[in-house]
file coords_10.cif (mmCIF, C-alpha atoms (C1' of nucleotides))
data_protein
loop_
_atom_site.label_atom_id
_atom_site.label_comp_id
_atom_site.auth_asym_id
_atom_site.auth_seq_id
_atom_site.Cartn_x
_atom_site.Cartn_y
_atom_site.Cartn_z
CA MET A 1 99.74 120.27 80.86
CA ARG A 2 98.12 119.52 77.49
CA ASN A 3 96.63 116.03 77.33
CA ALA A 4 93.10 116.05 75.81
CA PHE A 5 91.97 113.91 78.69
CA GLY A 6 90.57 116.71 80.81
CA ALA A 7 88.63 118.46 78.06
CA TYR A 8 86.98 115.22 77.04
CA LEU A 9 85.89 114.50 80.58
CA ARG A 10 84.55 117.99 81.15
CA LYS A 11 82.49 117.82 77.98
CA ARG A 12 81.14 114.43 78.91
CA ARG A 13 80.26 115.51 82.45
CA GLU A 14 78.51 118.64 81.22
CA GLU A 15 76.41 116.57 78.85
CA LEU A 16 75.29 114.39 81.72
CA LEU A 17 74.77 117.43 83.90
CA GLY A 18 72.29 118.71 81.32
CA ASP A 19 70.06 115.73 82.10
CA SER A 20 70.66 115.33 85.80
CA PRO A 21 72.14 117.41 88.62
CA GLU A 22 73.95 114.29 89.81
CA TYR A 23 76.93 115.26 87.70
CA SER A 24 78.25 118.38 89.36
CA ILE A 25 81.96 118.34 90.17
CA ARG A 26 81.15 117.67 93.80
CA LYS A 27 78.82 114.77 93.11
CA VAL A 28 81.19 113.17 90.65
CA ALA A 29 84.10 113.65 93.02
CA ALA A 30 82.18 111.88 95.77
CA LYS A 31 81.39 108.94 93.48
CA ILE A 32 84.94 108.63 92.25
CA GLY A 33 86.33 109.10 95.71
CA VAL A 34 88.51 112.18 95.26
CA GLN A 35 88.32 115.84 96.20
CA PRO A 36 86.24 118.23 94.04
CA SER A 37 89.24 120.49 93.57
CA TYR A 38 91.07 117.59 92.01
CA ILE A 39 88.31 116.97 89.47
CA SER A 40 88.39 120.66 88.62
CA LYS A 41 92.15 120.61 88.05
CA VAL A 42 92.07 117.45 85.99
CA GLU A 43 89.25 118.69 83.78
CA ARG A 44 91.06 121.95 83.14
CA GLU A 45 94.26 120.02 82.50
CA GLU A 46 96.03 121.92 85.20
CA VAL A 47 97.51 118.64 86.38
CA ALA A 48 98.45 115.37 84.70
CA PRO A 49 95.83 112.63 84.33
CA PRO A 50 95.10 110.50 87.42
CA SER A 51 96.26 106.99 88.18
CA GLU A 52 94.84 104.02 86.32
CA ALA A 53 92.59 103.05 89.24
CA THR A 54 91.11 106.53 89.44
CA ILE A 55 90.59 106.71 85.67
CA ILE A 56 88.67 103.45 85.81
CA ARG A 57 86.37 104.70 88.56
CA TRP A 58 85.95 107.90 86.55
CA ALA A 59 84.95 105.86 83.50
CA GLU A 60 82.40 103.92 85.54
CA THR A 61 80.94 107.09 86.96
CA LEU A 62 80.48 108.70 83.53
CA ASN A 63 79.59 105.48 81.70
CA GLU A 64 82.60 105.68 79.47
CA ASP A 65 84.90 103.01 78.06
CA PRO A 66 87.86 102.70 80.44
CA ASP A 67 90.22 101.70 77.62
CA VAL A 68 89.40 104.90 75.78
CA LEU A 69 89.87 107.11 78.83
CA LEU A 70 93.13 105.38 79.68
CA ALA A 71 94.24 105.94 76.10
CA LEU A 72 93.41 109.64 76.32
CA ALA A 73 95.66 109.69 79.36
CA GLY A 74 98.39 107.93 77.35
CA LYS A 75 98.05 104.75 79.38
CA VAL A 76 97.34 101.11 78.69
CA SER A 77 95.17 98.96 80.94
CA ALA A 78 97.09 96.70 83.33
CA ASP A 79 95.53 93.51 81.99
CA LEU A 80 96.69 94.28 78.46
CA ARG A 81 100.14 95.18 79.72
CA ASP A 82 100.26 91.88 81.60
CA ALA A 83 99.35 89.90 78.50
CA ILE A 84 102.18 91.54 76.57
CA VAL A 85 104.67 91.23 79.41
CA LYS A 86 104.01 87.51 79.70
CA ARG A 87 104.85 86.84 76.05
CA PRO A 88 106.76 89.90 74.89
CA LYS A 89 108.18 88.48 71.68
CA VAL A 90 104.98 87.23 70.09
CA PHE A 91 102.91 90.18 71.17
CA ALA A 92 105.53 92.72 70.12
CA GLU A 93 105.70 91.12 66.71
CA LEU A 94 101.93 90.94 66.44
CA ILE A 95 101.31 94.55 67.42
CA ARG A 96 104.06 95.94 65.20
CA GLU A 97 102.68 93.96 62.31
CA LEU A 98 99.16 95.18 62.93
CA LYS A 99 99.80 98.74 63.94
CA ASP A 100 99.38 100.06 60.41
CA ALA A 101 96.66 97.64 59.37
CA PRO A 102 93.19 99.11 58.95
CA ASP A 103 90.62 98.60 61.69
CA HIS A 104 88.58 96.15 59.67
CA ALA A 105 91.60 93.89 59.33
CA LEU A 106 92.10 93.82 63.10
CA LEU A 107 88.44 93.18 63.69
CA ARG A 108 88.53 90.36 61.19
CA VAL A 109 91.35 88.78 63.17
CA VAL A 110 89.32 89.15 66.35
CA ARG A 111 86.33 87.51 64.73
CA GLU A 112 88.31 84.64 63.31
CA VAL A 113 89.96 83.96 66.63
CA ARG A 114 86.63 84.13 68.40
CA ASP A 115 85.08 81.72 65.92
CA GLY A 116 87.90 79.38 66.69
CA ASN A 117 89.36 78.97 63.22
CA TRP A 118 92.66 77.89 64.69
CA MET B 1 112.74 94.47 95.43
CA ARG B 2 112.02 91.17 93.67
CA ASN B 3 111.75 91.56 89.91
CA ALA B 4 113.75 88.84 88.06
CA PHE B 5 115.20 91.55 85.88
CA GLY B 6 118.46 91.94 87.78
CA ALA B 7 119.29 88.26 88.11
CA TYR B 8 118.76 87.73 84.39
CA LEU B 9 121.09 90.58 83.52
CA ARG B 10 123.76 89.46 85.93
CA LYS B 11 123.71 85.97 84.49
CA ARG B 12 123.88 87.28 80.97
CA ARG B 13 126.76 89.66 81.76
CA GLU B 14 128.73 86.93 83.50
CA GLU B 15 128.36 84.70 80.48
CA LEU B 16 129.78 87.40 78.27
CA LEU B 17 132.47 88.13 80.83
CA GLY B 18 133.64 84.53 80.48
CA ASP B 19 134.59 85.27 76.86
CA SER B 20 135.81 88.82 77.15
CA PRO B 21 136.87 91.19 79.94
CA GLU B 22 134.85 93.90 78.25
CA TYR B 23 131.86 92.94 80.35
CA SER B 24 132.88 93.93 83.85
CA ILE B 25 130.38 96.10 85.69
CA ARG B 26 132.58 99.11 85.04
CA LYS B 27 132.88 98.53 81.32
CA VAL B 28 129.20 97.83 80.90
CA ALA B 29 128.31 100.88 82.96
CA ALA B 30 130.47 103.04 80.71
CA LYS B 31 128.79 101.66 77.60
CA ILE B 32 125.30 102.12 78.97
CA GLY B 33 126.14 105.52 80.37
CA VAL B 34 125.45 105.04 84.07
CA GLN B 35 127.51 104.63 87.22
CA PRO B 36 128.97 101.20 88.05
CA SER B 37 127.33 101.27 91.46
CA TYR B 38 123.98 101.56 89.73
CA ILE B 39 124.61 98.47 87.61
CA SER B 40 125.57 96.62 90.75
CA LYS B 41 122.40 97.62 92.53
CA VAL B 42 120.16 96.79 89.60
CA GLU B 43 121.74 93.37 89.08
CA ARG B 44 121.32 92.52 92.74
CA GLU B 45 117.76 93.85 92.61
CA GLU B 46 118.50 96.29 95.35
CA VAL B 47 116.63 98.92 93.34
CA ALA B 48 113.77 98.86 90.87
CA PRO B 49 114.52 98.35 87.17
CA PRO B 50 115.78 101.38 85.24
CA SER B 51 113.87 103.61 82.84
CA GLU B 52 112.87 102.36 79.41
CA ALA B 53 115.66 104.29 77.70
CA THR B 54 118.30 102.78 79.98
CA ILE B 55 116.88 99.29 79.56
CA ILE B 56 117.15 99.65 75.80
CA ARG B 57 120.80 100.72 75.97
CA TRP B 58 121.38 97.83 78.36
CA ALA B 59 119.83 95.43 75.85
CA GLU B 60 122.05 96.79 73.07
CA THR B 61 125.15 96.43 75.21
CA LEU B 62 124.42 92.80 76.08
CA ASN B 63 122.91 91.88 72.69
CA GLU B 64 119.56 91.08 74.19
CA ASP B 65 116.05 91.61 72.88
CA PRO B 66 114.81 94.93 74.29
CA ASP B 67 111.20 93.75 74.36
CA VAL B 68 112.19 90.84 76.56
CA LEU B 69 114.21 92.96 78.96
CA LEU B 70 111.42 95.52 79.17
CA ALA B 71 109.00 92.69 79.90
CA LEU B 72 111.22 91.40 82.70
CA ALA B 73 111.01 94.90 84.13
CA GLY B 74 107.22 94.79 83.78
CA LYS B 75 107.21 97.41 81.05
CA VAL B 76 105.99 97.66 77.48
CA SER B 77 107.92 99.42 74.75
CA ALA B 78 106.74 102.95 73.96
CA ASP B 79 106.03 102.17 70.30
CA LEU B 80 103.67 99.34 71.24
CA ARG B 81 101.99 101.51 73.83
CA ASP B 82 101.53 104.20 71.19
CA ALA B 83 99.92 101.79 68.78
CA ILE B 84 97.42 100.73 71.44
CA VAL B 85 96.77 104.26 72.65
CA LYS B 86 95.96 105.41 69.11
CA ARG B 87 93.25 102.79 68.65
CA PRO B 88 92.38 101.60 72.14
CA LYS B 89 89.15 99.83 71.35
CA VAL B 90 90.33 97.58 68.56
CA PHE B 91 93.64 96.77 70.16
CA ALA B 92 92.10 96.12 73.56
CA GLU B 93 89.64 93.73 71.98
CA LEU B 94 92.35 92.07 69.93
CA ILE B 95 94.74 91.54 72.81
CA ARG B 96 92.07 90.28 75.20
CA GLU B 97 90.92 87.86 72.55
CA LEU B 98 94.43 86.60 71.91
CA LYS B 99 95.83 86.62 75.40
CA ASP B 100 94.95 83.01 76.03
CA ALA B 101 95.58 81.79 72.51
CA PRO B 102 98.65 79.61 72.00
CA ASP B 103 101.79 81.13 70.52
CA HIS B 104 101.37 79.36 67.21
CA ALA B 105 97.97 80.96 66.75
CA LEU B 106 99.42 84.43 67.26
CA LEU B 107 102.28 83.69 64.92
CA ARG B 108 99.86 82.46 62.34
CA VAL B 109 98.03 85.79 62.54
CA VAL B 110 101.33 87.60 62.11
CA ARG B 111 102.17 85.54 59.06
CA GLU B 112 98.79 85.99 57.46
CA VAL B 113 98.89 89.72 57.96
CA ARG B 114 102.41 89.86 56.59
CA ASP B 115 101.40 87.88 53.54
CA GLY B 116 98.68 90.40 52.99
CA ASN B 117 95.66 88.10 53.00
CA TRP B 118 93.37 90.99 53.78
"C1'" DA C 1 155.09 96.39 98.36
"C1'" DG C 2 152.35 98.99 95.26
"C1'" DC C 3 148.98 99.86 91.84
"C1'" DA C 4 145.15 98.75 89.06
"C1'" DT C 5 140.84 96.82 88.84
"C1'" DC C 6 136.99 94.47 90.70
"C1'" DA C 7 132.29 94.87 93.03
"C1'" DT C 8 129.69 96.94 96.54
"C1'" DA C 9 128.13 100.03 100.51
"C1'" DT C 10 126.39 104.43 101.82
"C1'" DA C 11 124.47 108.84 101.42
"C1'" DC C 12 122.25 112.04 98.81
"C1'" DT C 13 119.37 114.53 95.01
"C1'" DG C 14 116.08 116.47 91.68
"C1'" DT C 15 111.81 115.46 89.45
"C1'" DG C 16 107.39 113.30 88.93
"C1'" DT C 17 103.10 111.17 90.72
"C1'" DA C 18 98.86 111.46 92.78
"C1'" DG C 19 96.64 113.42 95.09
"C1'" DT C 20 94.46 116.23 100.06
"C1'" DA C 21 92.79 120.19 102.73
"C1'" DT C 22 91.05 124.48 103.11
"C1'" DA C 23 89.50 128.76 101.66
"C1'" DC C 24 87.30 131.57 98.44
"C1'" DA C 25 84.01 134.00 95.01
"C1'" DG C 26 79.89 133.57 92.22
"C1'" DT C 27 74.93 132.20 91.51
"C1'" DC C 28 70.27 130.79 92.44
"C1'" DA C 29 66.14 129.98 95.55
"C1'" DC C 30 63.19 131.73 98.56
"C1'" DG D 1 70.00 138.42 102.76
"C1'" DT D 2 71.23 134.05 104.02
"C1'" DG D 3 71.66 129.12 102.92
"C1'" DA D 4 72.86 125.84 99.71
"C1'" DC D 5 74.76 125.14 96.03
"C1'" DT D 6 78.26 125.92 92.07
"C1'" DG D 7 83.44 125.81 90.45
"C1'" DT D 8 88.23 127.24 91.42
"C1'" DA D 9 92.60 129.02 93.77
"C1'" DT D 10 96.27 128.07 96.82
"C1'" DA D 11 99.26 125.57 99.63
"C1'" DC D 12 100.93 121.50 101.00
"C1'" DT D 13 102.41 116.34 101.28
"C1'" DA D 14 104.07 111.57 101.09
"C1'" DC D 15 106.13 108.52 98.28
"C1'" DA D 16 108.18 106.61 93.99
"C1'" DC D 17 111.49 107.13 90.22
"C1'" DA D 18 115.95 107.23 88.34
"C1'" DG D 19 119.61 107.73 89.14
"C1'" DT D 20 124.82 110.28 90.96
"C1'" DA D 21 128.94 110.68 93.82
"C1'" DT D 22 132.11 108.98 96.75
"C1'" DA D 23 134.25 105.71 99.74
"C1'" DT D 24 135.47 101.12 100.92
"C1'" DG D 25 137.22 96.41 100.95
"C1'" DA D 26 138.74 92.46 98.16
"C1'" DT D 27 141.57 90.41 94.43
"C1'" DG D 28 145.22 90.01 91.12
"C1'" DC D 29 149.53 91.45 88.84
"C1'" DT D 30 154.46 92.23 88.57
#
call {"tool": "encode", "arguments": {"input": "coords_10.cif", "output": "structure tokens"}}
result
Amino acid sequence: MRNAFGAYLRKRREELLGDSPEYSIRKVAAKIGVQPSYISKVEREEVAPPSEATIIRWAETLNEDPDVLLALAGKVSADLRDAIVKRPKVFAELIRELKDAPDHALLRVVREVRDGNW
Amino acid sequence: MRNAFGAYLRKRREELLGDSPEYSIRKVAAKIGVQPSYISKVEREEVAPPSEATIIRWAETLNEDPDVLLALAGKVSADLRDAIVKRPKVFAELIRELKDAPDHALLRVVREVRDGNW
DNA sequence: AGCATCATATACTGTGTAGTATACAGTCAC
DNA sequence: GTGACTGTATACTACACAGTATATGATGCT
């Protein structure tokens, strides 16, 4: 059950727990809306990562980026999936073209699009 | 069980069947490596779309674009998912920025990247 | 009439997903 | 030493996924 997701979350929760007792397994479980035992199992990677919805609530609870947590779980956010599914050809081509480009190149594209140079 | 995937495949297979008897349900099933009854059920949308691997073999058999068939099934190809999962922040930003951009804008990005203007 | 071939109906199966519910053992406060 | 917390172990569950296996009825050939 190796997935890197659990370890990351445990580390993050323990950091927060250092500052405030509001981040015990039980407290976090209550905020996310699952059982404490489930948090324990996920953090120890005894079970597979949760559903997308649960991961997102988890991210909110720990002030983490949901896209990053989803990625650690090997998942892609539904809204991104939808965008690709609506125009599979263009997006497939785009992503395959950009998948080996350096980060700064992608960010430059983002900026140019945002500035409306189209 | 509405998904548009089955109807598209049935139409496509029947087109091919007009030219050659190699595209009966039985023949196609043998090529894809599943039972004929399963093809029948998928085409009539009696069941959910198949797994990614089966969709890809299906696409090969009918000379269709796998990305398009996967999209009709509401899925995204594993290699695209991997690219996003490896760099979730940049790709999430990129896709959200481009999701409402017109096709020609995306294609222009593809071309510019391909031409190496970076 | 008999056989092949067509699609479809029906029943069933193993595996994965996404958790819940309850019980338990350790630690700290007072 | 007992009450209020920790985290974890164990057992169980409902439903979705991705099909298989077999039987059946219809159509066409010769």
call {"tool": "residues_around", "arguments": {"input": "coords_10.cif", "residues": "Ile39 of chain B", "least_positions_apart": "4", "cutoff": "10 Å", "atoms": "only C-alpha atoms (C1' of nucleotides)", "output": "PyMOL selection string"}}
result
chain B and resi 6+9-10+25-26+28-29+32+34-35+43-45+47+50+58
call {"tool": "write_last_selection", "arguments": {"input": "coords_10.cif", "atoms": "C-alpha atoms", "output": "mmCIF file, in the frame of the given file"}}
result
data_model
loop_
_atom_site.group_PDB
_atom_site.id
_atom_site.type_symbol
_atom_site.label_atom_id
_atom_site.label_comp_id
_atom_site.auth_asym_id
_atom_site.auth_seq_id
_atom_site.Cartn_x
_atom_site.Cartn_y
_atom_site.Cartn_z
ATOM 1 C CA GLY B 6 118.460 91.940 87.780
ATOM 2 C CA LEU B 9 121.090 90.580 83.520
ATOM 3 C CA ARG B 10 123.760 89.460 85.930
ATOM 4 C CA ILE B 25 130.380 96.100 85.690
ATOM 5 C CA ARG B 26 132.580 99.110 85.040
ATOM 6 C CA VAL B 28 129.200 97.830 80.900
ATOM 7 C CA ALA B 29 128.310 100.880 82.960
ATOM 8 C CA ILE B 32 125.300 102.120 78.970
ATOM 9 C CA VAL B 34 125.450 105.040 84.070
ATOM 10 C CA GLN B 35 127.510 104.630 87.220
ATOM 11 C CA GLU B 43 121.740 93.370 89.080
ATOM 12 C CA ARG B 44 121.320 92.520 92.740
ATOM 13 C CA GLU B 45 117.760 93.850 92.610
ATOM 14 C CA VAL B 47 116.630 98.920 93.340
ATOM 15 C CA PRO B 50 115.780 101.380 85.240
ATOM 16 C CA TRP B 58 121.380 97.830 78.360
#
call {"tool": "closest_residue", "arguments": {"input": "coords_10.cif", "among": "D:DA9, D:DA4, D:DC17, D:DC29", "to": "Glu52 of chain B", "atoms": "all atoms listed in the file"}}
result
D:DC17
call {"tool": "atom_distance", "arguments": {"input": "coords_10.cif", "atom1": "atom CA of Asp82 of chain A", "atom2": "atom CA of Leu69 of chain B"}}
result
14.2 Å
call {"tool": "resolve_selection", "arguments": {"input": "coords_10.cif", "expression": "the PyMOL selection byres ((chain C) within 10 of (chain A))", "output": "PyMOL selection string"}}
result
chain C and resi 17-21
call {"tool": "resolve_selection", "arguments": {"input": "coords_10.cif", "expression": "the PyMOL selection byres ((chain D) within 9 of (chain A))", "output": "list in words"}}
result
DT6, DG7 and DT8 of chain D
call {"tool": "interface_residues", "arguments": {"input": "coords_10.cif", "of": "chain B", "to": "chain A", "cutoff": "9 Å", "atoms": "only C-alpha atoms", "output": "NGL selection string"}}
result
:B and (65 or 67-68 or 70-77 or 79-101 or 103 or 105-110 or 113-114 or 118)
call {"tool": "resolve_selection", "arguments": {"input": "coords_10.cif", "expression": "the PyMOL selection byres ((chain D and resi 30) around 10)", "output": "JSON, numbers by chain"}}
result
{"C": [2, 3], "D": [28, 29]}
call {"tool": "write_last_selection", "arguments": {"input": "coords_10.cif", "atoms": "C-alpha atoms (C1' of nucleotides)", "output": "PDB file, in the coordinates of the input"}}
result
ATOM      1  C1'  DG C   2     152.350  98.990  95.260  1.00  0.00           C
ATOM      2  C1'  DC C   3     148.980  99.860  91.840  1.00  0.00           C
TER       3       DC C   3
ATOM      4  C1'  DG D  28     145.220  90.010  91.120  1.00  0.00           C
ATOM      5  C1'  DC D  29     149.530  91.450  88.840  1.00  0.00           C
TER       6       DC D  29
END
call {"tool": "atom_distance", "arguments": {"input": "coords_10.cif", "atom1": "atom C1' of DA14 of chain D", "atom2": "atom CA of Ala78 of chain A"}}
result
24.2 Å
call {"tool": "atom_distance", "arguments": {"input": "coords_10.cif", "atom1": "atom CA of Asn3 of chain A", "atom2": "atom CA of Val42 of chain A"}}
result
9.9 Å
call {"tool": "closest_residue", "arguments": {"input": "coords_10.cif", "among": "D:DG25, D:DC12, D:DA18, D:DC5", "to": "DG16 of chain C", "atoms": "only C-alpha atoms (C1' of nucleotides)"}}
result
D:DA18
call {"tool": "residues_around", "arguments": {"input": "coords_10.cif", "residues": "DC30 of chain C", "least_positions_apart": "4", "cutoff": "12 Å", "atoms": "all atoms listed in the file", "output": "VMD selection string"}}
result
chain D and resid 1 to 4
call {"tool": "axis_aligned_box", "arguments": {"input": "coords_10.cif", "around": "segment 12-30 of chain D", "padding_each_side": "3 Å", "output": "lines of an AutoDock Vina configuration file"}}
result
center_x = 127.7
center_y = 105.8
center_z = 94.8
size_x = 59.5
size_y = 37.5
size_z = 18.9
call {"tool": "residues_around", "arguments": {"input": "coords_10.cif", "residues": "DT22 of chain C", "least_positions_apart": "2", "cutoff": "10 Å", "atoms": "only C-alpha atoms (C1' of nucleotides)", "output": "PyMOL selection string"}}
result
(chain C and resi 20+24) or (chain D and resi 10-11)
call {"tool": "build_atoms", "arguments": {"input": "coords_10.cif", "residues": "segment 54-87 of chain A", "atoms": "N, CA and C atoms", "output": "compact mmCIF listing (two decimals), in the coordinates of the input"}}
result
# COMPACT_ATOMS: atom_id res chain seq x y z
N THR A 54 92.03 105.39 89.40
CA THR A 54 91.11 106.53 89.44
C THR A 54 90.43 106.74 88.09
N ILE A 55 91.18 106.57 87.02
CA ILE A 55 90.59 106.71 85.67
C ILE A 55 89.47 105.69 85.48
N ILE A 56 89.68 104.49 85.97
CA ILE A 56 88.67 103.45 85.81
C ILE A 56 87.39 103.80 86.59
N ARG A 57 87.56 104.29 87.81
CA ARG A 57 86.37 104.70 88.56
C ARG A 57 85.68 105.87 87.86
N TRP A 58 86.48 106.75 87.30
CA TRP A 58 85.95 107.90 86.55
C TRP A 58 85.11 107.40 85.38
N ALA A 59 85.66 106.44 84.65
CA ALA A 59 84.95 105.86 83.50
C ALA A 59 83.62 105.25 83.94
N GLU A 60 83.64 104.52 85.04
CA GLU A 60 82.40 103.92 85.54
C GLU A 60 81.37 104.98 85.88
N THR A 61 81.84 106.03 86.53
CA THR A 61 80.94 107.09 86.96
C THR A 61 80.27 107.79 85.77
N LEU A 62 81.02 107.99 84.70
CA LEU A 62 80.48 108.70 83.53
C LEU A 62 80.02 107.76 82.42
N ASN A 63 79.98 106.46 82.71
CA ASN A 63 79.59 105.48 81.70
C ASN A 63 80.41 105.58 80.42
N GLU A 64 81.70 105.62 80.62
CA GLU A 64 82.60 105.68 79.47
C GLU A 64 83.44 104.40 79.40
N ASP A 65 84.03 104.17 78.24
CA ASP A 65 84.90 103.01 78.06
C ASP A 65 86.25 103.26 78.74
N PRO A 66 86.60 102.47 79.72
CA PRO A 66 87.86 102.70 80.44
C PRO A 66 89.09 102.65 79.52
N ASP A 67 89.07 101.78 78.53
CA ASP A 67 90.22 101.70 77.62
C ASP A 67 90.42 103.01 76.87
N VAL A 68 89.31 103.63 76.52
CA VAL A 68 89.40 104.90 75.78
C VAL A 68 89.91 106.02 76.68
N LEU A 69 89.39 106.08 77.90
CA LEU A 69 89.87 107.11 78.83
C LEU A 69 91.34 106.90 79.16
N LEU A 70 91.72 105.67 79.41
CA LEU A 70 93.13 105.38 79.68
C LEU A 70 93.98 105.83 78.50
N ALA A 71 93.50 105.56 77.30
CA ALA A 71 94.24 105.94 76.10
C ALA A 71 94.40 107.45 76.01
N LEU A 72 93.33 108.17 76.33
CA LEU A 72 93.41 109.64 76.32
C LEU A 72 94.45 110.13 77.32
N ALA A 73 94.65 109.35 78.36
CA ALA A 73 95.66 109.69 79.36
C ALA A 73 97.03 109.12 78.97
N GLY A 74 97.11 108.49 77.80
CA GLY A 74 98.39 107.93 77.35
C GLY A 74 98.76 106.63 78.04
N LYS A 75 97.77 105.98 78.64
CA LYS A 75 98.05 104.75 79.38
C LYS A 75 97.40 103.53 78.75
N VAL A 76 97.90 102.37 79.15
CA VAL A 76 97.34 101.11 78.69
C VAL A 76 96.91 100.31 79.91
N SER A 77 95.74 99.73 79.84
CA SER A 77 95.17 98.96 80.94
C SER A 77 96.13 97.87 81.42
N ALA A 78 96.16 97.66 82.73
CA ALA A 78 97.09 96.70 83.33
C ALA A 78 96.92 95.29 82.77
N ASP A 79 95.71 94.88 82.47
CA ASP A 79 95.53 93.51 81.99
C ASP A 79 96.13 93.32 80.60
N LEU A 80 96.07 94.36 79.78
CA LEU A 80 96.69 94.28 78.46
C LEU A 80 98.22 94.26 78.60
N ARG A 81 98.69 95.13 79.47
CA ARG A 81 100.14 95.18 79.72
C ARG A 81 100.63 93.80 80.19
N ASP A 82 99.88 93.20 81.08
CA ASP A 82 100.26 91.88 81.60
C ASP A 82 100.34 90.84 80.49
N ALA A 83 99.36 90.87 79.60
CA ALA A 83 99.35 89.90 78.50
C ALA A 83 100.62 90.05 77.66
N ILE A 84 100.99 91.28 77.39
CA ILE A 84 102.18 91.54 76.57
C ILE A 84 103.44 91.14 77.32
N VAL A 85 103.48 91.50 78.59
CA VAL A 85 104.67 91.23 79.41
C VAL A 85 104.92 89.72 79.58
N LYS A 86 103.84 88.95 79.54
CA LYS A 86 104.01 87.51 79.70
C LYS A 86 104.60 86.85 78.46
N ARG A 87 104.30 87.40 77.29
CA ARG A 87 104.85 86.84 76.05
C ARG A 87 105.30 87.98 75.14
